[in-house]
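What's in input.pdb: PDB, C-alpha atoms
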ATOM      1  CA  MET T   1      23.910  -2.991 -17.023
ATOM      2  CA  PRO T   2      20.408  -1.471 -17.267
ATOM      3  CA  THR T   3      19.280   1.421 -15.102
ATOM      4  CA  ILE T   4      15.747   2.017 -13.808
ATOM      5  CA  THR T   5      15.229   4.517 -16.630
ATOM      6  CA  ASP T   6      16.310   1.868 -19.172
ATOM      7  CA  LEU T   7      13.780  -0.578 -17.723
ATOM      8  CA  VAL T   8      10.988   2.015 -17.950
ATOM      9  CA  ASP T   9      11.983   3.050 -21.483
ATOM     10  CA  SER T  10      12.027  -0.557 -22.663
ATOM     11  CA  GLY T  11       8.556  -1.205 -21.190
ATOM     12  CA  ALA T  12       9.813  -3.836 -18.724
ATOM     13  CA  ILE T  13       8.380  -1.859 -15.810
ATOM     14  CA  VAL T  14       5.806   0.913 -15.490
ATOM     15  CA  ARG T  15       5.714   3.607 -12.813
ATOM     16  CA  ILE T  16       2.598   3.366 -10.598
ATOM     17  CA  ASP T  17       1.058   6.100  -8.507
ATOM     18  CA  VAL T  18      -2.146   6.963  -6.688
ATOM     19  CA  GLU T  19      -3.647  10.345  -5.939
ATOM     20  CA  LEU T  20      -1.966  11.843  -2.904
ATOM     21  CA  ALA T  21      -3.705  14.143  -0.460
ATOM     22  CA  PRO T  22      -2.736  17.833  -0.551
ATOM     23  CA  ARG T  23      -0.397  17.460   2.428
ATOM     24  CA  ASP T  24       1.275  14.246   1.196
ATOM     25  CA  GLN T  25       4.553  14.161  -0.643
ATOM     26  CA  PRO T  26       5.718  11.209  -2.748
ATOM     27  CA  LEU T  27       8.550   9.754  -0.671
ATOM     28  CA  ARG T  28       8.850   6.294  -2.219
ATOM     29  CA  LEU T  29       8.733   4.812  -5.698
ATOM     30  CA  LEU T  30       6.509   2.048  -6.981
ATOM     31  CA  TYR T  31       6.773   0.192 -10.297
ATOM     32  CA  GLY T  32       4.973  -2.780 -11.798
ATOM     33  CA  THR T  33       5.491  -5.142 -14.692
ATOM     34  CA  PRO T  34       2.987  -4.863 -17.585
ATOM     35  CA  GLN T  35       1.421  -8.129 -16.362
ATOM     36  CA  PHE T  36       0.928  -6.610 -12.914
ATOM     37  CA  ILE T  37      -0.656  -3.484 -14.433
ATOM     38  CA  GLU T  38      -3.146  -5.746 -16.222
ATOM     39  CA  TRP T  39      -4.004  -7.327 -12.886
ATOM     40  CA  LEU T  40      -4.523  -3.847 -11.358
ATOM     41  CA  GLN T  41      -6.840  -2.960 -14.218
ATOM     42  CA  GLY T  42      -8.906  -6.021 -13.290
ATOM     43  CA  LEU T  43      -9.251  -4.654  -9.763
ATOM     44  CA  LEU T  44     -10.410  -1.323 -11.175
ATOM     45  CA  ARG T  45     -13.062  -3.204 -13.183
ATOM     46  CA  GLY T  46     -14.321  -4.657  -9.881
ATOM     47  CA  ASP T  47     -12.669  -8.082  -9.656
ATOM     48  CA  GLU T  48     -13.394  -9.706  -6.304
ATOM     49  CA  PRO T  49     -12.248 -12.919  -4.593
ATOM     50  CA  SER T  50     -14.837 -15.658  -4.144
ATOM     51  CA  GLN T  51     -15.010 -14.823  -0.444
ATOM     52  CA  ARG T  52     -13.929 -11.364   0.621
ATOM     53  CA  LEU T  53     -12.454 -10.975   4.107
ATOM     54  CA  GLY T  54     -11.802  -7.237   4.264
ATOM     55  CA  GLN T  55     -14.333  -4.578   5.120
ATOM     56  CA  THR T  56     -13.271  -2.624   2.049
ATOM     57  CA  SER T  57     -13.122  -3.701  -1.601
ATOM     58  CA  PRO T  58      -9.875  -5.180  -2.973
ATOM     59  CA  ALA T  59      -9.325  -1.999  -5.031
ATOM     60  CA  GLU T  60      -9.779   0.150  -1.912
ATOM     61  CA  GLN T  61      -7.347  -2.044   0.003
ATOM     62  CA  VAL T  62      -4.723  -1.718  -2.716
ATOM     63  CA  ASP T  63      -5.220   2.050  -3.019
ATOM     64  CA  ASP T  64      -4.722   2.376   0.742
ATOM     65  CA  LEU T  65      -1.619   0.175   0.656
ATOM     66  CA  PHE T  66      -0.101   2.096  -2.280
ATOM     67  CA  HIS T  67      -0.961   5.416  -0.646
ATOM     68  CA  SER T  68       0.736   4.376   2.622
ATOM     69  CA  PHE T  69       3.757   3.170   0.703
ATOM     70  CA  LEU T  70       4.135   6.144  -1.634
ATOM     71  CA  SER T  71       3.513   8.815   0.990
ATOM     72  CA  GLY T  72       6.250   7.353   3.169
ATOM     73  CA  GLU T  73       4.121   6.113   6.052
ATOM     74  CA  PRO T  74       5.787   3.482   8.210
ATOM     75  CA  LEU T  75       4.455   0.090   7.084
ATOM     76  CA  ILE T  76       3.862  -2.553   9.725
ATOM     77  CA  PHE T  77       6.293  -5.421   9.300
ATOM     78  CA  THR T  78       4.645  -8.811   8.699
ATOM     79  CA  ARG T  79       1.150  -7.260   8.715
ATOM     80  CA  GLN T  80       1.693  -5.089   5.630
ATOM     81  CA  PHE T  81       4.963  -6.379   4.194
ATOM     82  CA  ARG T  82       7.359  -9.217   4.771
ATOM     83  CA  VAL T  83      10.191 -11.071   3.127
ATOM     84  CA  VAL T  84       9.042 -14.312   1.486
ATOM     85  CA  ARG T  85      12.264 -16.118   2.336
ATOM     86  CA  ALA T  86      15.322 -14.776   4.129
ATOM     87  CA  GLU T  87      17.911 -15.005   1.373
ATOM     88  CA  GLU T  88      20.186 -12.719  -0.604
ATOM     89  CA  ASN T  89      18.258 -10.753  -3.250
ATOM     90  CA  ALA T  90      15.027 -11.670  -1.504
ATOM     91  CA  VAL T  91      11.497 -11.513  -2.864
ATOM     92  CA  TRP T  92       9.101  -9.412  -0.796
ATOM     93  CA  GLU T  93       5.358  -9.543  -0.253
ATOM     94  CA  LEU T  94       2.994  -6.600   0.284
ATOM     95  CA  LYS T  95      -0.231  -7.516   2.055
ATOM     96  CA  THR T  96      -3.815  -6.421   2.575
ATOM     97  CA  PRO T  97      -6.597  -8.557   4.107
ATOM     98  CA  ASP T  98      -7.583  -9.951   0.677
ATOM     99  CA  ILE T  99      -4.550  -9.297  -1.520
ATOM    100  CA  ARG T 100      -0.975 -10.453  -1.793
ATOM    101  CA  ILE T 101       1.531  -8.634  -4.029
ATOM    102  CA  PHE T 102       4.952 -10.102  -4.787
ATOM    103  CA  GLY T 103       8.016  -8.317  -6.097
ATOM    104  CA  TRP T 104      11.355  -6.973  -5.011
ATOM    105  CA  PHE T 105      13.048  -3.751  -3.944
ATOM    106  CA  MET T 106      15.336  -2.324  -6.637
ATOM    107  CA  ALA T 107      16.636   0.102  -4.033
ATOM    108  CA  LYS T 108      15.548   1.241  -0.611
ATOM    109  CA  ASP T 109      11.995   2.655  -0.872
ATOM    110  CA  CYS T 110      11.704   1.525  -4.495
ATOM    111  CA  PHE T 111       9.523  -1.559  -5.079
ATOM    112  CA  VAL T 112       8.694  -3.440  -8.278
ATOM    113  CA  ALA T 113       5.436  -5.404  -8.168
ATOM    114  CA  VAL T 114       5.375  -8.491 -10.378
ATOM    115  CA  PHE T 115       2.467 -10.667  -9.230
ATOM    116  CA  GLY T 116      -0.802  -9.862  -7.505
ATOM    117  CA  ASN T 117      -3.323 -12.438  -6.375
ATOM    118  CA  TRP T 118      -6.054 -13.128  -3.821
ATOM    119  CA  ALA T 119      -4.645 -13.997  -0.394
ATOM    120  CA  ASP T 120      -6.797 -17.136  -0.203
ATOM    121  CA  THR T 121      -5.574 -18.404  -3.571
ATOM    122  CA  VAL T 122      -1.923 -17.802  -2.659
ATOM    123  CA  LYS T 123      -2.306 -19.666   0.634
ATOM    124  CA  ASP T 124      -4.555 -22.481  -0.630
ATOM    125  CA  HIS T 125      -2.238 -23.284  -3.554
ATOM    126  CA  ASP T 126       0.997 -22.402  -1.744
ATOM    127  CA  LEU T 127       2.145 -20.113  -4.560
ATOM    128  CA  TYR T 128       5.023 -18.542  -2.599
ATOM    129  CA  ARG T 129       7.749 -20.776  -4.034
ATOM    130  CA  GLY T 130       6.535 -20.402  -7.624
ATOM    131  CA  TYR T 131       6.325 -16.615  -7.409
ATOM    132  CA  ARG T 132       9.741 -16.446  -5.746
ATOM    133  CA  ILE T 133      11.377 -18.503  -8.480
ATOM    134  CA  ALA T 134       9.613 -16.581 -11.275
ATOM    135  CA  ILE T 135      10.708 -13.218  -9.850
ATOM    136  CA  ARG T 136      14.311 -14.344  -9.477
ATOM    137  CA  ARG T 137      14.221 -15.563 -13.093
ATOM    138  CA  LEU T 138      12.768 -12.248 -14.292
ATOM    139  CA  ARG T 139      15.562 -10.304 -12.570
ATOM    140  CA  ARG T 140      18.179 -12.527 -14.202
ATOM    141  CA  GLU T 141      16.558 -12.070 -17.628
ATOM    142  CA  LEU T 142      16.554  -8.299 -17.142
ATOM    143  CA  GLY T 143      20.218  -8.459 -16.150
ATOM    144  CA  ILE T 144      19.706  -6.621 -12.863
ATOM    145  CA  ASP T 145      20.057  -9.369 -10.265
ATOM    146  CA  ALA T 146      23.381  -8.003  -9.064
ATOM    147  CA  THR T 147      22.696  -4.301  -9.481
ATOM    148  CA  LEU T 148      19.062  -3.315  -8.974
ATOM    149  CA  CYS T 149      18.157  -5.486  -6.021
ATOM    150  CA  VAL T 150      18.357  -4.857  -2.278
ATOM    151  CA  ARG T 151      20.298  -7.669  -0.633
ATOM    152  CA  GLY T 152      19.240  -7.278   2.994
ATOM    153  CA  VAL T 153      16.214  -8.954   4.521
ATOM    154  CA  GLU T 154      15.548  -6.634   7.450
ATOM    155  CA  PRO T 155      12.676  -4.105   7.249
ATOM    156  CA  ASP T 156      15.181  -1.251   7.588
ATOM    157  CA  ASP T 157      17.060  -2.541   4.536
ATOM    158  CA  VAL T 158      14.110  -1.904   2.230
ATOM    159  CA  LEU T 159      12.105   0.914   3.827
ATOM    160  CA  SER T 160      13.187   4.103   5.546
ATOM    161  CA  VAL T 161      11.404   5.451   8.644
TER     162      VAL T 161
ATOM    163  CA  MET U 162       3.015   2.881 -21.273
ATOM    164  CA  THR U 163       5.513   4.305 -18.791
ATOM    165  CA  PHE U 164       3.086   5.497 -16.137
ATOM    166  CA  PHE U 165      -0.087   4.098 -14.555
ATOM    167  CA  ARG U 166      -2.331   5.871 -12.082
ATOM    168  CA  PHE U 167      -4.375   3.529  -9.894
ATOM    169  CA  ASP U 168      -7.468   5.685  -9.547
ATOM    170  CA  ILE U 169     -10.486   4.238  -7.714
ATOM    171  CA  GLY U 170     -12.406   7.515  -7.405
ATOM    172  CA  ALA U 171     -12.622   9.981  -4.545
ATOM    173  CA  ARG U 172     -15.450   8.291  -2.648
ATOM    174  CA  SER U 173     -13.821   4.854  -2.543
ATOM    175  CA  ARG U 174     -10.458   6.454  -1.800
ATOM    176  CA  THR U 175     -11.867   8.259   1.238
ATOM    177  CA  ALA U 176     -13.467   5.085   2.609
ATOM    178  CA  GLY U 177     -10.539   2.776   1.963
ATOM    179  CA  ARG U 178      -7.919   5.124   3.385
ATOM    180  CA  LEU U 179      -9.934   5.998   6.493
ATOM    181  CA  LEU U 180     -10.585   2.361   7.405
ATOM    182  CA  GLY U 181      -6.986   1.446   6.596
ATOM    183  CA  ARG U 182      -5.672   4.264   8.756
ATOM    184  CA  VAL U 183      -7.812   3.280  11.740
ATOM    185  CA  ARG U 184      -6.562  -0.299  11.502
ATOM    186  CA  ARG U 185      -2.916   0.788  11.193
ATOM    187  CA  GLU U 186      -3.200   3.104  14.202
ATOM    188  CA  LEU U 187      -4.564   0.212  16.246
ATOM    189  CA  LEU U 188      -1.859  -2.149  15.017
ATOM    190  CA  ARG U 189       0.844   0.375  15.892
ATOM    191  CA  ALA U 190      -0.550   0.789  19.394
ATOM    192  CA  VAL U 191      -0.790  -2.990  19.831
ATOM    193  CA  THR U 192       2.814  -3.390  18.617
ATOM    194  CA  GLU U 193       4.026  -0.710  21.039
ATOM    195  CA  GLU U 194       2.157  -2.281  23.935
ATOM    196  CA  ARG U 195       3.438  -5.739  23.011
ATOM    197  CA  ARG U 196       6.983  -4.443  23.392
ATOM    198  CA  ALA U 197       5.964  -3.240  26.838
ATOM    199  CA  GLY U 198       4.688  -6.737  27.662
ATOM    200  CA  LEU U 199       0.981  -6.596  26.792
ATOM    201  CA  THR U 200      -0.041  -9.779  24.958
ATOM    202  CA  GLN U 201      -3.118 -10.118  22.764
ATOM    203  CA  GLN U 202      -4.385 -12.624  25.320
ATOM    204  CA  GLU U 203      -4.235  -9.951  28.027
ATOM    205  CA  LEU U 204      -5.868  -7.451  25.670
ATOM    206  CA  ALA U 205      -8.678  -9.949  25.096
ATOM    207  CA  ARG U 206      -9.029 -10.469  28.860
ATOM    208  CA  ARG U 207      -9.358  -6.720  29.434
ATOM    209  CA  LEU U 208     -12.047  -6.527  26.754
ATOM    210  CA  GLN U 209     -13.733  -9.746  27.901
ATOM    211  CA  ASP U 210     -13.581 -10.994  24.327
ATOM    212  CA  LYS U 211     -11.877 -13.827  22.441
ATOM    213  CA  ARG U 212      -8.323 -13.286  21.242
ATOM    214  CA  SER U 213      -9.321 -14.565  17.781
ATOM    215  CA  ASN U 214     -12.030 -11.868  17.507
ATOM    216  CA  ILE U 215      -9.541  -9.130  18.307
ATOM    217  CA  ASN U 216      -7.020 -10.581  15.887
ATOM    218  CA  ARG U 217      -9.604 -10.614  13.088
ATOM    219  CA  GLN U 218     -10.461  -6.971  13.774
ATOM    220  CA  LEU U 219      -6.805  -5.978  13.710
ATOM    221  CA  SER U 220      -6.098  -7.927  10.535
ATOM    222  CA  GLY U 221      -9.007  -6.246   8.754
ATOM    223  CA  GLU U 222     -11.052  -9.429   8.428
ATOM    224  CA  ASP U 223     -13.767  -8.245  10.835
ATOM    225  CA  GLU U 224     -15.466  -4.895  10.949
ATOM    226  CA  ILE U 225     -14.255  -2.408  13.535
ATOM    227  CA  THR U 226     -17.279  -0.518  14.811
ATOM    228  CA  LEU U 227     -16.931   2.830  16.561
ATOM    229  CA  ARG U 228     -17.776   1.012  19.797
ATOM    230  CA  SER U 229     -15.034  -1.590  19.325
ATOM    231  CA  LEU U 230     -12.582   1.158  18.321
ATOM    232  CA  ALA U 231     -13.352   3.016  21.542
ATOM    233  CA  ASP U 232     -13.037  -0.212  23.570
ATOM    234  CA  LEU U 233      -9.686  -1.064  21.983
ATOM    235  CA  ALA U 234      -8.418   2.469  22.597
ATOM    236  CA  TRP U 235      -9.446   2.140  26.247
ATOM    237  CA  ALA U 236      -7.781  -1.258  26.615
ATOM    238  CA  LEU U 237      -4.605   0.089  24.996
ATOM    239  CA  ASP U 238      -4.681   3.242  27.127
ATOM    240  CA  ARG U 239      -4.861   5.536  24.114
ATOM    241  CA  GLU U 240      -6.760   8.745  23.408
ATOM    242  CA  ILE U 241      -8.720   9.042  20.185
ATOM    243  CA  THR U 242      -8.514  12.268  18.229
ATOM    244  CA  PHE U 243     -11.014  12.831  15.469
ATOM    245  CA  GLU U 244     -11.717  15.852  13.334
ATOM    246  CA  LEU U 245     -13.612  16.653  10.164
ATOM    247  CA  ARG U 246     -12.429  19.747   8.391
ATOM    248  CA  ARG U 247     -12.919  21.368   5.057
ATOM    249  CA  PRO U 248      -9.968  21.035   2.732
ATOM    250  CA  GLY U 249      -8.075  24.307   2.727
ATOM    251  CA  ASP U 250      -4.861  25.690   1.354
ATOM    252  CA  THR U 251      -1.892  25.626   3.689
ATOM    253  CA  ALA U 252       1.687  26.591   3.078
ATOM    254  CA  GLY U 253       3.787  23.849   1.535
ATOM    255  CA  GLN U 254       0.953  21.594   0.329
ATOM    256  CA  ASN U 255       0.565  20.070  -3.125
ATOM    257  CA  ILE U 256      -1.470  22.051  -5.608
ATOM    258  CA  ALA U 257      -2.205  19.092  -7.855
ATOM    259  CA  PRO U 258      -5.812  20.028  -8.769
ATOM    260  CA  LEU U 259      -4.584  23.260 -10.337
ATOM    261  CA  THR U 260      -1.601  21.901 -12.207
ATOM    262  CA  SER U 261      -2.191  18.206 -12.831
ATOM    263  CA  THR U 262      -3.318  17.048 -16.256
ATOM    264  CA  VAL U 263      -5.483  14.416 -14.563
ATOM    265  CA  GLY U 264      -7.224  16.853 -12.204
ATOM    266  CA  HIS U 265     -11.005  17.174 -12.319
ATOM    267  CA  LYS U 266     -10.971  20.763 -13.506
ATOM    268  CA  PRO U 267     -11.077  21.450 -17.236
ATOM    269  CA  ILE U 268      -7.944  22.836 -18.820
ATOM    270  CA  ARG U 269      -8.010  26.639 -19.029
ATOM    271  CA  ILE U 270      -6.367  28.260 -21.990
ATOM    272  CA  ILE U 271      -5.293  31.787 -21.230
ATOM    273  CA  ALA U 272      -4.895  33.718 -24.466
ATOM    274  CA  PRO U 273      -2.753  36.821 -24.584
ATOM    275  CA  LYS U 274      -4.803  40.033 -24.644
ATOM    276  CA  MET U 275      -5.102  41.387 -28.168
ATOM    277  CA  THR U 276      -4.919  45.093 -28.703
ATOM    278  CA  ASN U 277      -6.184  46.992 -31.738
ATOM    279  CA  ASP U 278      -3.723  49.859 -31.730
TER     280      ASP U 278
END
What's the structure tokens form of this structure?
Amino acid sequence: MPTITDLVDSGAIVRIDVELAPRDQPLRLLYGTPQFIEWLQGLLRGDEPSQRLGQTSPAEQVDDLFHSFLSGEPLIFTRQFRVVRAEENAVWELKTPDIRIFGWFMAKDCFVAVFGNWADTVKDHDLYRGYRIAIRRLRRELGIDATLCVRGVEPDDVLSV
Amino acid sequence: MTFFRFDIGARSRTAGRLLGRVRRELLRAVTEERRAGLTQQELARRLQDKRSNINRQLSGEDEITLRSLADLAWALDREITFELRRPGDTAGQNIAPLTSTVGHKPIRIIAPKMTND
């Protein structure tokens, strides 16, 4: 059964970080699939939704979200993260005004991002079910559905503090 | 690739994190007050504004001006603390700019002193 290190070594997931302020310490772990990293690179190139809601750019929103997550700030349940469907081995969603990120928690405070998309697109096309099924399939293919996946659906199950 | 740094640049980082932090502080205060029985409807009544306007500000869809921040803090019975300070070294902080390979400072190569004797 693969470990997190095996998944990184095989290229299935990539560790993600952002610059932390001098007084911050990295208290959580964030990974993404190669496909998700490509999507992040699009944000860095300036990709924008057709109609932006947030006061800040999508890249700024994601940087702020990742910084909050990695530095161990308490995230606000349902406003910044929520479970897509209350089920065993659930898929979770991280949120900003314009962005939705889907993935799962391999362990408490350890998230793997698989899909990122504009909030409007996700809602208009009701992509929740499709992303949920695709992420469950990916976990099965990686052989980690039973080992590297938090089972609980309460905020305290996936994030400390 | 085993590692990816999402780097948007210092200027964007400062703006995005400040605005995000203000919004989160407000959301936390609203959540705390909700537990104590204050609804968004009541908050809107205190501010003589529409509930939908306040919700859009809290969700990040509408701009929060300094005036609306002060009004929300008043309605939530919260003090605002604000400070601008120069970055300085304090005990226990990261020293990433000196040690990181992705820091903005060029790499310094310190050669051993050569003697001629």
For this session: Kindly resolve the PyMOL selection byres ((chain T) within 10 of (chain U)) on the present coordinates and return the residues as a ChimeraX atom specification.
Result: /T:5,7-25,31-32,34,37,40-41,43-46,52-68,74-76,79-80,96-98
Problem set entry | Given all atoms listed in the file as the counted atoms, nearest of T:Thr147, T:Asn117, T:Thr78, T:Asn89 to T:Gln35 |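 Closest to T:Gln35, using all atoms listed in the file: T:Asn117.
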Exercise. Quick one: distance from atom CA of T:Thr3 to atom CA of T:Cys149 in Å, one decimal?
Worked result: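 Separation between atom CA of T:Thr3 and atom CA of T:Cys149: 11.5 Å.
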For this session: Run through the PyMOL selection byres ((chain T and resi 1) around 12) on the given coordinates and return the selected residues as a list in words.
Result: Pro2, Thr3, Ile4, Thr5, Asp6, Leu7, Arg139, Arg140, Glu141, Leu142, Gly143, Ile144, Asp145, Ala146, Thr147 and Leu148 of chain T
Put a box with edges along x, y and z around all the listed atoms of stretch 239-252 of chain U, pad it by 6 Å on each side, then give me its centre and sizes in Å, one decimal, as lines of an AutoDock Vina configuration file.
center_x = -6.0
center_y = 16.1
center_z = 12.7
size_x = 27.3
size_y = 33.1
size_z = 34.8
For this session: Find the distance between atom CA of T:Leu29 and atom CA of T:Pro49 and write it in Å to one decimal.
Result: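 About the pair atom CA of T:Leu29 and atom CA of T:Pro49: they are 27.5 Å apart.
Across the model, the gap from atom CA of T:Thr33 to atom CA of T:Asp47 is 19.1 Å.
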Exercise. Skipping near chain neighbours, those fewer than 5 positions away, what residues fall within 8 Å of U:Leu237 using all atoms listed in the file, listed as a list of chain:residue names?
Worked result: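 The filter keeps U:Ala190, U:Val191, U:Glu194, U:Leu204.
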Just write the chosen residues, C-alpha atoms, as a compact mmCIF listing (two decimals), in the frame of the given file.
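Output file again14.txt is given in full below:
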# COMPACT_ATOMS: atom_id res chain seq x y z
CA ALA U 190 -0.55 0.79 19.39
CA VAL U 191 -0.79 -2.99 19.83
CA GLU U 194 2.16 -2.28 23.94
CA LEU U 204 -5.87 -7.45 25.67
Exercise. Which protein, DNA or RNA residues are at most 7 Å from (8.3, -11.3, -3.1) in the file's coordinates when you count only C-alpha atoms, listed as JSON, numbers by chain?
Worked result: {"T": [83, 84, 90, 91, 92, 93, 102, 103, 104, 132]}
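The nearest approach to T:Glu73 among the residues T:Leu27, T:Val114, T:Met106, T:Ile99, with only C-alpha atoms taken into account, belongs to T:Leu27.
When the PyMOL selection byres ((chain T and resi 108) around 6) is evaluated against the file, it yields Ala107, Asp109, Cys110, Val158 and Leu159 of chain T.
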Residues as selected, C-alpha atoms, written as a compact mmCIF listing (two decimals), in the frame of the given file, can you do that?
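And here's part.txt as it stands now:
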# COMPACT_ATOMS: atom_id res chain seq x y z
CA ALA T 107 16.64 0.10 -4.03
CA ASP T 109 12.00 2.66 -0.87
CA CYS T 110 11.70 1.52 -4.50
CA VAL T 158 14.11 -1.90 2.23
CA LEU T 159 12.10 0.91 3.83
Exercise. Which of these, U:Arg212, U:Arg247, U:Arg184, U:Arg207, has the shortest distance to U:Trp235 once you count only C-alpha atoms?
Worked result: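 Between U:Arg212, U:Arg247, U:Arg184, U:Arg207, the residue approaching U:Trp235 most closely is U:Arg207.
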